[in-house]
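S.K.: Contents of work-v3.pdb (PDB, C-alpha atoms, pLDDT in the B column):
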ATOM      1  CA  MET A 550     -13.338  -3.317   8.876  1.00 79.00           C
ATOM      2  CA  ASN A 551     -12.238  -0.988  11.623  1.00 85.00           C
ATOM      3  CA  PRO A 552      -8.728   0.517  12.041  1.00 83.00           C
ATOM      4  CA  LYS A 553      -7.829  -1.977  14.779  1.00 86.00           C
ATOM      5  CA  GLN A 554      -8.622  -4.897  12.447  1.00 86.00           C
ATOM      6  CA  ILE A 555      -6.551  -3.292   9.675  1.00 86.00           C
ATOM      7  CA  LEU A 556      -3.531  -2.910  11.940  1.00 84.00           C
ATOM      8  CA  GLN A 557      -3.956  -6.519  13.142  1.00 86.00           C
ATOM      9  CA  ILE A 558      -3.606  -7.654   9.515  1.00 88.00           C
ATOM     10  CA  PHE A 559      -0.373  -5.649   9.229  1.00 87.00           C
ATOM     11  CA  LYS A 560       0.975  -7.206  12.442  1.00 86.00           C
ATOM     12  CA  ARG A 561       0.045 -10.746  11.354  1.00 89.00           C
ATOM     13  CA  LYS A 562       1.881 -10.223   8.070  1.00 90.00           C
ATOM     14  CA  ASP A 563       5.017  -8.843   9.806  1.00 88.00           C
ATOM     15  CA  ALA A 564       4.519  -5.608   7.889  1.00 90.00           C
ATOM     16  CA  LEU A 565       5.420  -3.220  10.735  1.00 85.00           C
ATOM     17  CA  LEU A 566       9.228  -3.174  10.930  1.00 86.00           C
ATOM     18  CA  GLU A 567      11.444  -1.766  13.687  1.00 87.00           C
ATOM     19  CA  GLY A 568      14.873  -0.228  13.042  1.00 92.00           C
ATOM     20  CA  HIS A 569      16.314   2.969  11.527  1.00 95.00           C
ATOM     21  CA  PHE A 570      14.754   3.760   8.178  1.00 93.00           C
ATOM     22  CA  ILE A 571      15.039   6.498   5.584  1.00 92.00           C
ATOM     23  CA  LEU A 572      11.631   7.076   4.029  1.00 83.00           C
ATOM     24  CA  SER A 573      11.031   8.054   0.397  1.00 77.00           C
ATOM     25  CA  SER A 574      10.339  11.577   1.709  1.00 76.00           C
ATOM     26  CA  GLY A 575      13.914  11.744   3.050  1.00 86.00           C
ATOM     27  CA  LEU A 576      12.691  11.694   6.650  1.00 87.00           C
ATOM     28  CA  HIS A 577      14.015   9.116   9.122  1.00 93.00           C
ATOM     29  CA  SER A 578      11.900   6.813  11.289  1.00 91.00           C
ATOM     30  CA  GLY A 579      12.269   4.015  13.826  1.00 92.00           C
ATOM     31  CA  GLN A 580       9.364   2.105  12.264  1.00 88.00           C
ATOM     32  CA  TYR A 581       8.439   1.263   8.702  1.00 87.00           C
ATOM     33  CA  LEU A 582       5.228  -0.103   7.226  1.00 87.00           C
ATOM     34  CA  GLN A 583       6.156  -2.654   4.567  1.00 88.00           C
ATOM     35  CA  CYS A 584       2.807  -2.850   2.784  1.00 89.00           C
ATOM     36  CA  ALA A 585       4.247  -5.266   0.234  1.00 90.00           C
ATOM     37  CA  LYS A 586       4.128  -7.922   2.978  1.00 91.00           C
ATOM     38  CA  VAL A 587       0.369  -7.416   3.225  1.00 93.00           C
ATOM     39  CA  LEU A 588      -0.269  -6.932  -0.492  1.00 94.00           C
ATOM     40  CA  GLU A 589       1.627 -10.108  -1.433  1.00 92.00           C
ATOM     41  CA  ASP A 590      -1.458 -11.978  -0.190  1.00 91.00           C
ATOM     42  CA  PRO A 591      -4.175 -11.725  -2.888  1.00 93.00           C
ATOM     43  CA  LYS A 592      -7.002 -12.453  -0.440  1.00 93.00           C
ATOM     44  CA  ALA A 593      -5.826  -9.805   2.030  1.00 91.00           C
ATOM     45  CA  SER A 594      -5.258  -7.315  -0.825  1.00 93.00           C
ATOM     46  CA  ALA A 595      -8.746  -7.842  -2.198  1.00 94.00           C
ATOM     47  CA  ARG A 596     -10.341  -7.617   1.258  1.00 92.00           C
ATOM     48  CA  LEU A 597      -8.530  -4.364   2.105  1.00 94.00           C
ATOM     49  CA  ALA A 598      -9.315  -2.872  -1.310  1.00 95.00           C
ATOM     50  CA  ARG A 599     -13.016  -3.699  -0.982  1.00 95.00           C
ATOM     51  CA  ALA A 600     -13.099  -2.015   2.425  1.00 94.00           C
ATOM     52  CA  LEU A 601     -11.355   1.067   1.029  1.00 95.00           C
ATOM     53  CA  ALA A 602     -13.491   1.116  -2.132  1.00 96.00           C
ATOM     54  CA  ALA A 603     -16.626   1.280   0.023  1.00 95.00           C
ATOM     55  CA  ASN A 604     -15.642   4.908   0.774  1.00 94.00           C
ATOM     56  CA  PHE A 605     -15.896   5.772  -2.934  1.00 91.00           C
ATOM     57  CA  GLY A 606     -18.578   3.364  -4.187  1.00 78.00           C
ATOM     58  CA  LYS A 607     -21.252   6.027  -4.660  1.00 84.00           C
ATOM     59  CA  ARG A 608     -18.960   8.163  -6.820  1.00 85.00           C
ATOM     60  CA  ARG A 609     -18.207   7.448 -10.452  1.00 92.00           C
ATOM     61  CA  VAL A 610     -14.646   6.165 -10.804  1.00 96.00           C
ATOM     62  CA  ASP A 611     -13.398   5.462 -14.320  1.00 96.00           C
ATOM     63  CA  THR A 612      -9.758   4.815 -13.480  1.00 97.00           C
ATOM     64  CA  VAL A 613      -7.587   4.235 -10.434  1.00 97.00           C
ATOM     65  CA  VAL A 614      -3.980   5.460 -10.648  1.00 97.00           C
ATOM     66  CA  GLY A 615      -1.257   4.638  -8.146  1.00 95.00           C
ATOM     67  CA  PRO A 616       2.376   5.694  -7.968  1.00 94.00           C
ATOM     68  CA  ALA A 617       4.964   3.000  -8.619  1.00 90.00           C
ATOM     69  CA  MET A 618       5.830   0.994  -6.637  1.00 85.00           C
ATOM     70  CA  GLY A 619       3.647   1.162  -3.549  1.00 85.00           C
ATOM     71  CA  GLY A 620       0.415   2.083  -5.270  1.00 91.00           C
ATOM     72  CA  ILE A 621       0.436  -0.451  -8.113  1.00 94.00           C
ATOM     73  CA  ILE A 622      -1.196  -3.452  -6.420  1.00 95.00           C
ATOM     74  CA  LEU A 623      -3.625  -1.327  -4.427  1.00 96.00           C
ATOM     75  CA  ALA A 624      -4.665   0.601  -7.562  1.00 96.00           C
ATOM     76  CA  TYR A 625      -5.328  -2.691  -9.329  1.00 97.00           C
ATOM     77  CA  GLU A 626      -7.388  -4.145  -6.479  1.00 96.00           C
ATOM     78  CA  LEU A 627      -9.332  -0.909  -5.977  1.00 97.00           C
ATOM     79  CA  ALA A 628     -10.076  -0.802  -9.703  1.00 97.00           C
ATOM     80  CA  ARG A 629     -11.341  -4.373  -9.539  1.00 96.00           C
ATOM     81  CA  ALA A 630     -13.573  -3.538  -6.558  1.00 96.00           C
ATOM     82  CA  LEU A 631     -14.929  -0.405  -8.270  1.00 96.00           C
ATOM     83  CA  GLY A 632     -15.310  -1.845 -11.774  1.00 96.00           C
ATOM     84  CA  ALA A 633     -12.742   0.619 -13.139  1.00 97.00           C
ATOM     85  CA  ARG A 634      -9.423   0.296 -14.963  1.00 96.00           C
ATOM     86  CA  ALA A 635      -6.041   0.462 -13.222  1.00 96.00           C
ATOM     87  CA  LEU A 636      -2.960   2.439 -14.203  1.00 96.00           C
ATOM     88  CA  PHE A 637       0.240   3.428 -12.489  1.00 95.00           C
ATOM     89  CA  ALA A 638       2.483   6.444 -12.751  1.00 95.00           C
ATOM     90  CA  GLU A 639       6.234   6.088 -12.511  1.00 93.00           C
ATOM     91  CA  ARG A 640       9.324   8.258 -12.548  1.00 92.00           C
ATOM     92  CA  ALA A 641      11.195   9.021 -15.731  1.00 91.00           C
ATOM     93  CA  ASN A 642      14.149  11.371 -15.393  1.00 91.00           C
ATOM     94  CA  GLY A 643      13.067  12.123 -11.827  1.00 87.00           C
ATOM     95  CA  LYS A 644       9.542  13.206 -12.789  1.00 92.00           C
ATOM     96  CA  MET A 645       6.308  11.267 -12.239  1.00 91.00           C
ATOM     97  CA  CYS A 646       4.509  10.466 -15.506  1.00 86.00           C
ATOM     98  CA  LEU A 647       2.320   7.962 -17.311  1.00 92.00           C
ATOM     99  CA  ARG A 648       4.341   5.600 -19.497  1.00 90.00           C
ATOM    100  CA  ARG A 649       3.859   2.185 -21.140  1.00 91.00           C
ATOM    101  CA  GLY A 650       1.086   3.519 -23.360  1.00 87.00           C
ATOM    102  CA  PHE A 651      -1.087   4.596 -20.415  1.00 92.00           C
ATOM    103  CA  SER A 652      -3.213   7.684 -20.961  1.00 89.00           C
ATOM    104  CA  LEU A 653      -6.167   9.503 -19.470  1.00 95.00           C
ATOM    105  CA  LYS A 654      -8.962  11.298 -21.275  1.00 94.00           C
ATOM    106  CA  ALA A 655     -10.235  14.756 -20.440  1.00 92.00           C
ATOM    107  CA  GLN A 656     -12.967  14.637 -17.788  1.00 88.00           C
ATOM    108  CA  GLU A 657     -12.151  11.033 -16.843  1.00 95.00           C
ATOM    109  CA  LYS A 658     -12.907  10.469 -13.123  1.00 97.00           C
ATOM    110  CA  VAL A 659      -9.772   9.260 -11.352  1.00 97.00           C
ATOM    111  CA  LEU A 660      -9.137   7.876  -7.876  1.00 98.00           C
ATOM    112  CA  VAL A 661      -5.490   8.095  -6.777  1.00 97.00           C
ATOM    113  CA  ALA A 662      -4.329   5.132  -4.662  1.00 97.00           C
ATOM    114  CA  GLU A 663      -1.301   4.815  -2.378  1.00 95.00           C
ATOM    115  CA  ASP A 664      -0.323   2.186   0.169  1.00 93.00           C
ATOM    116  CA  VAL A 665       0.936   4.567   2.894  1.00 90.00           C
ATOM    117  CA  ILE A 666       0.692   8.367   3.123  1.00 89.00           C
ATOM    118  CA  THR A 667       3.552  10.026   4.997  1.00 82.00           C
ATOM    119  CA  THR A 668       4.136  13.441   3.432  1.00 82.00           C
ATOM    120  CA  GLY A 669       1.830  12.852   0.464  1.00 87.00           C
ATOM    121  CA  GLY A 670       4.589  13.827  -1.980  1.00 88.00           C
ATOM    122  CA  SER A 671       4.135  10.959  -4.451  1.00 91.00           C
ATOM    123  CA  VAL A 672       0.364  11.353  -4.395  1.00 94.00           C
ATOM    124  CA  LYS A 673       0.638  15.086  -5.091  1.00 94.00           C
ATOM    125  CA  GLU A 674       2.837  14.267  -8.082  1.00 94.00           C
ATOM    126  CA  VAL A 675       0.285  11.751  -9.394  1.00 95.00           C
ATOM    127  CA  ILE A 676      -2.496  14.307  -8.908  1.00 96.00           C
ATOM    128  CA  GLU A 677      -0.511  16.765 -11.047  1.00 95.00           C
ATOM    129  CA  VAL A 678      -0.068  14.120 -13.767  1.00 95.00           C
ATOM    130  CA  VAL A 679      -3.794  13.313 -13.765  1.00 96.00           C
ATOM    131  CA  GLN A 680      -4.805  16.976 -13.883  1.00 95.00           C
ATOM    132  CA  ALA A 681      -2.297  17.719 -16.656  1.00 94.00           C
ATOM    133  CA  CYS A 682      -4.164  15.134 -18.760  1.00 94.00           C
ATOM    134  CA  GLY A 683      -7.416  17.031 -18.177  1.00 95.00           C
ATOM    135  CA  ALA A 684      -8.846  14.253 -15.996  1.00 96.00           C
ATOM    136  CA  THR A 685     -10.570  14.932 -12.671  1.00 96.00           C
ATOM    137  CA  VAL A 686      -9.257  13.568  -9.380  1.00 97.00           C
ATOM    138  CA  ILE A 687     -12.313  12.555  -7.329  1.00 96.00           C
ATOM    139  CA  GLY A 688     -10.346  11.303  -4.338  1.00 96.00           C
ATOM    140  CA  VAL A 689      -7.245   9.836  -2.770  1.00 97.00           C
ATOM    141  CA  ALA A 690      -7.367   6.404  -1.131  1.00 96.00           C
ATOM    142  CA  ALA A 691      -4.680   4.869   1.109  1.00 95.00           C
ATOM    143  CA  LEU A 692      -4.412   1.807   3.260  1.00 94.00           C
ATOM    144  CA  ILE A 693      -2.599   3.698   6.012  1.00 92.00           C
ATOM    145  CA  ASP A 694      -2.361   7.391   6.879  1.00 92.00           C
ATOM    146  CA  ARG A 695       0.798   7.946   8.872  1.00 87.00           C
ATOM    147  CA  SER A 696       1.048  11.649   8.060  1.00 85.00           C
ATOM    148  CA  GLY A 697       0.205  12.738  11.603  1.00 80.00           C
ATOM    149  CA  ARG A 698      -1.743  15.653  10.177  1.00 78.00           C
ATOM    150  CA  LYS A 699      -4.245  16.474   7.496  1.00 77.00           C
ATOM    151  CA  PRO A 700      -2.648  15.326   4.209  1.00 73.00           C
ATOM    152  CA  PRO A 701      -1.916  18.152   1.775  1.00 76.00           C
ATOM    153  CA  PHE A 702      -4.392  17.355  -1.001  1.00 89.00           C
ATOM    154  CA  GLY A 703      -6.439  20.527  -0.716  1.00 85.00           C
ATOM    155  CA  LYS A 704     -10.142  19.932  -1.167  1.00 91.00           C
ATOM    156  CA  ILE A 705      -9.652  16.493  -2.705  1.00 93.00           C
ATOM    157  CA  ARG A 706     -11.436  13.845  -0.648  1.00 93.00           C
ATOM    158  CA  PHE A 707      -9.027  11.591   1.261  1.00 94.00           C
ATOM    159  CA  LYS A 708      -9.853   8.276   2.915  1.00 95.00           C
ATOM    160  CA  SER A 709      -7.634   5.692   4.598  1.00 94.00           C
ATOM    161  CA  LEU A 710      -8.430   2.464   6.393  1.00 93.00           C
ATOM    162  CA  ALA A 711      -6.336   3.344   9.443  1.00 91.00           C
ATOM    163  CA  LYS A 712      -4.200   6.088  10.915  1.00 91.00           C
ATOM    164  CA  ILE A 713      -1.008   5.266  12.724  1.00 88.00           C
ATOM    165  CA  ASP A 714       1.302   7.644  14.530  1.00 87.00           C
ATOM    166  CA  ILE A 715       4.904   6.819  13.677  1.00 85.00           C
ATOM    167  CA  LYS A 716       7.430   9.456  14.647  1.00 88.00           C
ATOM    168  CA  THR A 717       9.594  10.836  11.843  1.00 88.00           C
ATOM    169  CA  TYR A 718      12.701  12.991  12.024  1.00 93.00           C
ATOM    170  CA  ARG A 719      14.587  15.297   9.709  1.00 94.00           C
ATOM    171  CA  PRO A 720      18.032  13.713   9.167  1.00 95.00           C
ATOM    172  CA  GLU A 721      19.787  16.505  11.068  1.00 96.00           C
ATOM    173  CA  ASP A 722      17.468  15.988  14.081  1.00 95.00           C
ATOM    174  CA  CYS A 723      17.361  12.172  14.079  1.00 96.00           C
ATOM    175  CA  PRO A 724      18.096  10.588  17.481  1.00 96.00           C
ATOM    176  CA  LEU A 725      18.623   7.220  15.766  1.00 95.00           C
ATOM    177  CA  CYS A 726      21.480   8.718  13.728  1.00 95.00           C
ATOM    178  CA  ARG A 727      22.986  10.150  16.933  1.00 94.00           C
ATOM    179  CA  GLN A 728      22.821   6.641  18.439  1.00 95.00           C
ATOM    180  CA  GLY A 729      24.814   5.360  15.462  1.00 93.00           C
ATOM    181  CA  LEU A 730      22.117   2.924  14.304  1.00 91.00           C
ATOM    182  CA  GLY A 731      22.583   1.696  10.735  1.00 91.00           C
ATOM    183  CA  LEU A 732      20.251   3.290   8.189  1.00 91.00           C
ATOM    184  CA  ILE A 733      18.001   1.125   6.017  1.00 89.00           C
ATOM    185  CA  LYS A 734      16.381   2.369   2.764  1.00 88.00           C
ATOM    186  CA  PRO A 735      13.411   0.007   2.245  1.00 80.00           C
ATOM    187  CA  GLY A 736      11.332   2.124  -0.161  1.00 64.00           C
ATOM    188  CA  SER A 737      11.285   2.133  -3.950  1.00 57.00           C
ATOM    189  CA  ARG A 738      12.991   5.504  -4.478  1.00 53.00           C
ATOM    190  CA  LYS A 739      16.766   5.467  -4.636  1.00 50.00           C
TER     191      LYS A 739
END
Would you mind writing the file out in C-alpha cells?

M.R.:
Amino acid sequence: MNPKQILQIFKRKDALLEGHFILSSGLHSGQYLQCAKVLEDPKASARLARALAANFGKRRVDTVVGPAMGGIILAYELARALGARALFAERANGKMCLRRGFSLKAQEKVLVAEDVITTGGSVKEVIEVVQACGATVIGVAALIDRSGRKPPFGKIRFKSLAKIDIKTYRPEDCPLCRQGLGLIKPGSRK
C-alpha cells in the first residue's frame, strides 16, 4: 500500500476532521486525524497493520506495545501480523507505565506502536518504560507521521505508512484562537 492509498482509507472513513483542536501535545491544529474511525473497522485495521508489519517482518519481534488509547488496537493488530503478543502502556498518576499484570522480560524484543506521531511524546514515554524493564526497542511503527520532521527517537528505527503535513501552533501563536473558533479536545489525554 502506498501513502496515497493509506490517506484514501482515512478520507473514506471520515477520519480527517476540520476545526480547532487541541492535541495531546498541547499544540493546536485546524485538522485532526481520528484514527479510531479507521481502526473501528477490523478489516481495515488488519490490512493497515499487515502493511506496517511488512517493514519489521525480518526482525524478531516478541511483543508490540502501544500507548493507551491510540496505540492499543494498532499494537494488537501488529502483534497478530507479526506473531507476537500485544500489550499497552497507560498513565497512572500522570506517568506512563505497564499495569494490569503486563510485564516485559530483559532482552525481550519490542516494537512500539502508535496511531499518529505528532511530537512523539507518548512514544518516547513508552520507550522509557520498555527500556526500564530491560527489554530492547527494535523499532517504532505508526500509521501516520504528522510530525513534519524527523521524529525524536534517536537511532531507533521508525516507519509509518504515510506522512501528512498538518500545521500545528503553540497556543499563544494560534490563529484559530485569535479568530475565536471554539476549541475541541478529541484526544485521550485530559

S.K.: Taking the file above as input, evaluate the PyMOL selection byres ((chain A and resi 645) around 12) and report the hits as an MDAnalysis selection string.

M.R.: chainID A and resid 614:618 637:644 646:648 670:679 681 738

S.K.: May I ask for the distance between CA of Leu623 in chain A and CA of Ser574 in chain A, given in Å to one decimal place?

M.R.: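 Separation of CA of Leu623 in chain A and CA of Ser574 in chain A: 20.0 Å.
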
S.K.: CA of Ile558 in chain A to CA of Ala635 in chain A: how many Å, to one decimal?

M.R.: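 About the pair CA of Ile558 in chain A and CA of Ala635 in chain A: they are 24.3 Å apart.
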
S.K.: So that each row is one residue of range 557-675 of chain A with an atom at most 10 Å from range 706-728 of chain A, can you give its shortest atom pair and the distance in Å to one decimal, using all atoms listed in the file, rows by chain and rising number, as CSV?

M.R.:
residue,atom,partner,partner_atom,distance
A:Gly568,CA,A:Leu725,CA,8.8
A:His569,CA,A:Leu725,CA,6.4
A:Phe570,CA,A:Leu725,CA,9.2
A:Ile571,CA,A:Pro720,CA,8.6
A:Leu572,CA,A:Thr717,CA,8.9
A:Ser574,CA,A:Arg719,CA,9.8
A:Gly575,CA,A:Arg719,CA,7.6
A:Leu576,CA,A:Arg719,CA,5.1
A:His577,CA,A:Tyr718,CA,5.0
A:Ser578,CA,A:Thr717,CA,4.7
A:Gly579,CA,A:Lys716,CA,7.3
A:Gln580,CA,A:Ile715,CA,6.6
A:Tyr581,CA,A:Ile715,CA,8.3
A:Leu582,CA,A:Ile715,CA,9.5
A:Leu597,CA,A:Leu710,CA,8.1
A:Ala598,CA,A:Leu710,CA,9.4
A:Ala600,CA,A:Leu710,CA,7.6
A:Leu601,CA,A:Leu710,CA,6.3
A:Ala602,CA,A:Lys708,CA,9.5
A:Asn604,CA,A:Lys708,CA,7.0
A:Phe605,CA,A:Lys708,CA,8.8
A:Leu660,CA,A:Arg706,CA,9.7
A:Val661,CA,A:Phe707,CA,9.5
A:Ala662,CA,A:Ser709,CA,9.8
A:Glu663,CA,A:Ser709,CA,9.5
A:Asp664,CA,A:Ser709,CA,9.2
A:Val665,CA,A:Ser709,CA,8.8
A:Ile666,CA,A:Ser709,CA,8.9
A:Thr667,CA,A:Thr717,CA,9.2

S.K.: Please indicate the distance in Å from CA of Leu565 in chain A to CA of Val689 in chain A, rounded to one decimal place.

M.R.: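 Between these atoms lies a distance of 22.7 Å.
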
S.K.: May I ask which of the residues A:Leu631, A:Thr612, A:Lys560, A:Thr668 is the closest one to Arg695 in chain A, counting all atoms listed in the file?

M.R.: A:Thr668

S.K.: Tell me which of A:Arg599, A:Lys699, A:Arg634, A:Arg608 sits closest to Val686 in chain A, counting only C-alpha atoms.

M.R.: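 That would be A:Arg608, the residue with the smallest distance to Val686 in chain A.
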
S.K.: Excluding Glu589 in chain A and any residue of its chain fewer than 2 positions from it, enumerate the residues within 12 Å of it, using only C-alpha atoms, and give them as a ChimeraX atom specification.

M.R.: /A:559,562-564,583-587,591-595,619,621-623,626

S.K.: In terms of the shortest atom-to-atom distance over all atoms listed in the file, which of A:Val613, A:Ile705, A:Ile555, A:Ala690 is closest to Ala633 in chain A?

M.R.: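 Looking at the shortest contact to Ala633 in chain A, the residue is A:Val613.
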
S.K.: Tell me which of A:Lys658, A:Lys734, A:Lys704, A:Arg609 sits closest to Gly683 in chain A, counting all atoms listed in the file.

M.R.: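 The closest residue to Gly683 in chain A is A:Lys658.
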
S.K.: Would you compute the box with edges along x, y and z of the file around range 697-710 of chain A, including every atom the file lists for it and 5 Å extra on each side, and give its centre and edge lengths in Å to one decimal, as JSON?

M.R.:
{"center_x": -5.6, "center_y": 11.5, "center_z": 4.4, "size_x": 21.6, "size_y": 28.1, "size_z": 24.3}

S.K.: Could I see range 678-690 of chain A restored to N, CA and C atoms, set down as an mmCIF file, in the coordinates of the input?

M.R.:
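Final file, part_7.cif:
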data_model
loop_
_atom_site.group_PDB
_atom_site.id
_atom_site.type_symbol
_atom_site.label_atom_id
_atom_site.label_comp_id
_atom_site.auth_asym_id
_atom_site.auth_seq_id
_atom_site.Cartn_x
_atom_site.Cartn_y
_atom_site.Cartn_z
ATOM 1 N N VAL A 678 -0.067 14.851 -12.499
ATOM 2 C CA VAL A 678 -0.068 14.120 -13.767
ATOM 3 C C VAL A 678 -1.497 13.950 -14.274
ATOM 4 N N VAL A 679 -2.391 13.527 -13.395
ATOM 5 C CA VAL A 679 -3.794 13.313 -13.765
ATOM 6 C C VAL A 679 -4.421 14.617 -14.253
ATOM 7 N N GLN A 680 -4.215 15.685 -13.511
ATOM 8 C CA GLN A 680 -4.805 16.976 -13.883
ATOM 9 C C GLN A 680 -4.213 17.518 -15.173
ATOM 10 N N ALA A 681 -2.927 17.261 -15.413
ATOM 11 C CA ALA A 681 -2.297 17.719 -16.656
ATOM 12 C C ALA A 681 -2.908 17.035 -17.876
ATOM 13 N N CYS A 682 -3.486 15.854 -17.676
ATOM 14 C CA CYS A 682 -4.164 15.134 -18.760
ATOM 15 C C CYS A 682 -5.593 15.644 -18.976
ATOM 16 N N GLY A 683 -6.053 16.522 -18.086
ATOM 17 C CA GLY A 683 -7.416 17.031 -18.177
ATOM 18 C C GLY A 683 -8.421 16.176 -17.433
ATOM 19 N N ALA A 684 -7.955 15.118 -16.778
ATOM 20 C CA ALA A 684 -8.846 14.253 -15.996
ATOM 21 C C ALA A 684 -9.123 14.893 -14.637
ATOM 22 N N THR A 685 -10.145 14.389 -13.963
ATOM 23 C CA THR A 685 -10.570 14.932 -12.671
ATOM 24 C C THR A 685 -10.269 13.945 -11.557
ATOM 25 N N VAL A 686 -9.533 14.402 -10.546
ATOM 26 C CA VAL A 686 -9.257 13.568 -9.380
ATOM 27 C C VAL A 686 -10.465 13.679 -8.443
ATOM 28 N N ILE A 687 -11.129 12.548 -8.208
ATOM 29 C CA ILE A 687 -12.313 12.555 -7.329
ATOM 30 C C ILE A 687 -11.975 12.171 -5.895
ATOM 31 N N GLY A 688 -10.737 11.664 -5.693
ATOM 32 C CA GLY A 688 -10.346 11.303 -4.338
ATOM 33 C C GLY A 688 -8.976 10.669 -4.287
ATOM 34 N N VAL A 689 -8.494 10.533 -3.065
ATOM 35 C CA VAL A 689 -7.245 9.836 -2.770
ATOM 36 C C VAL A 689 -7.585 8.752 -1.750
ATOM 37 N N ALA A 690 -7.112 7.535 -2.010
ATOM 38 C CA ALA A 690 -7.367 6.404 -1.131
ATOM 39 C C ALA A 690 -6.035 5.793 -0.707
#
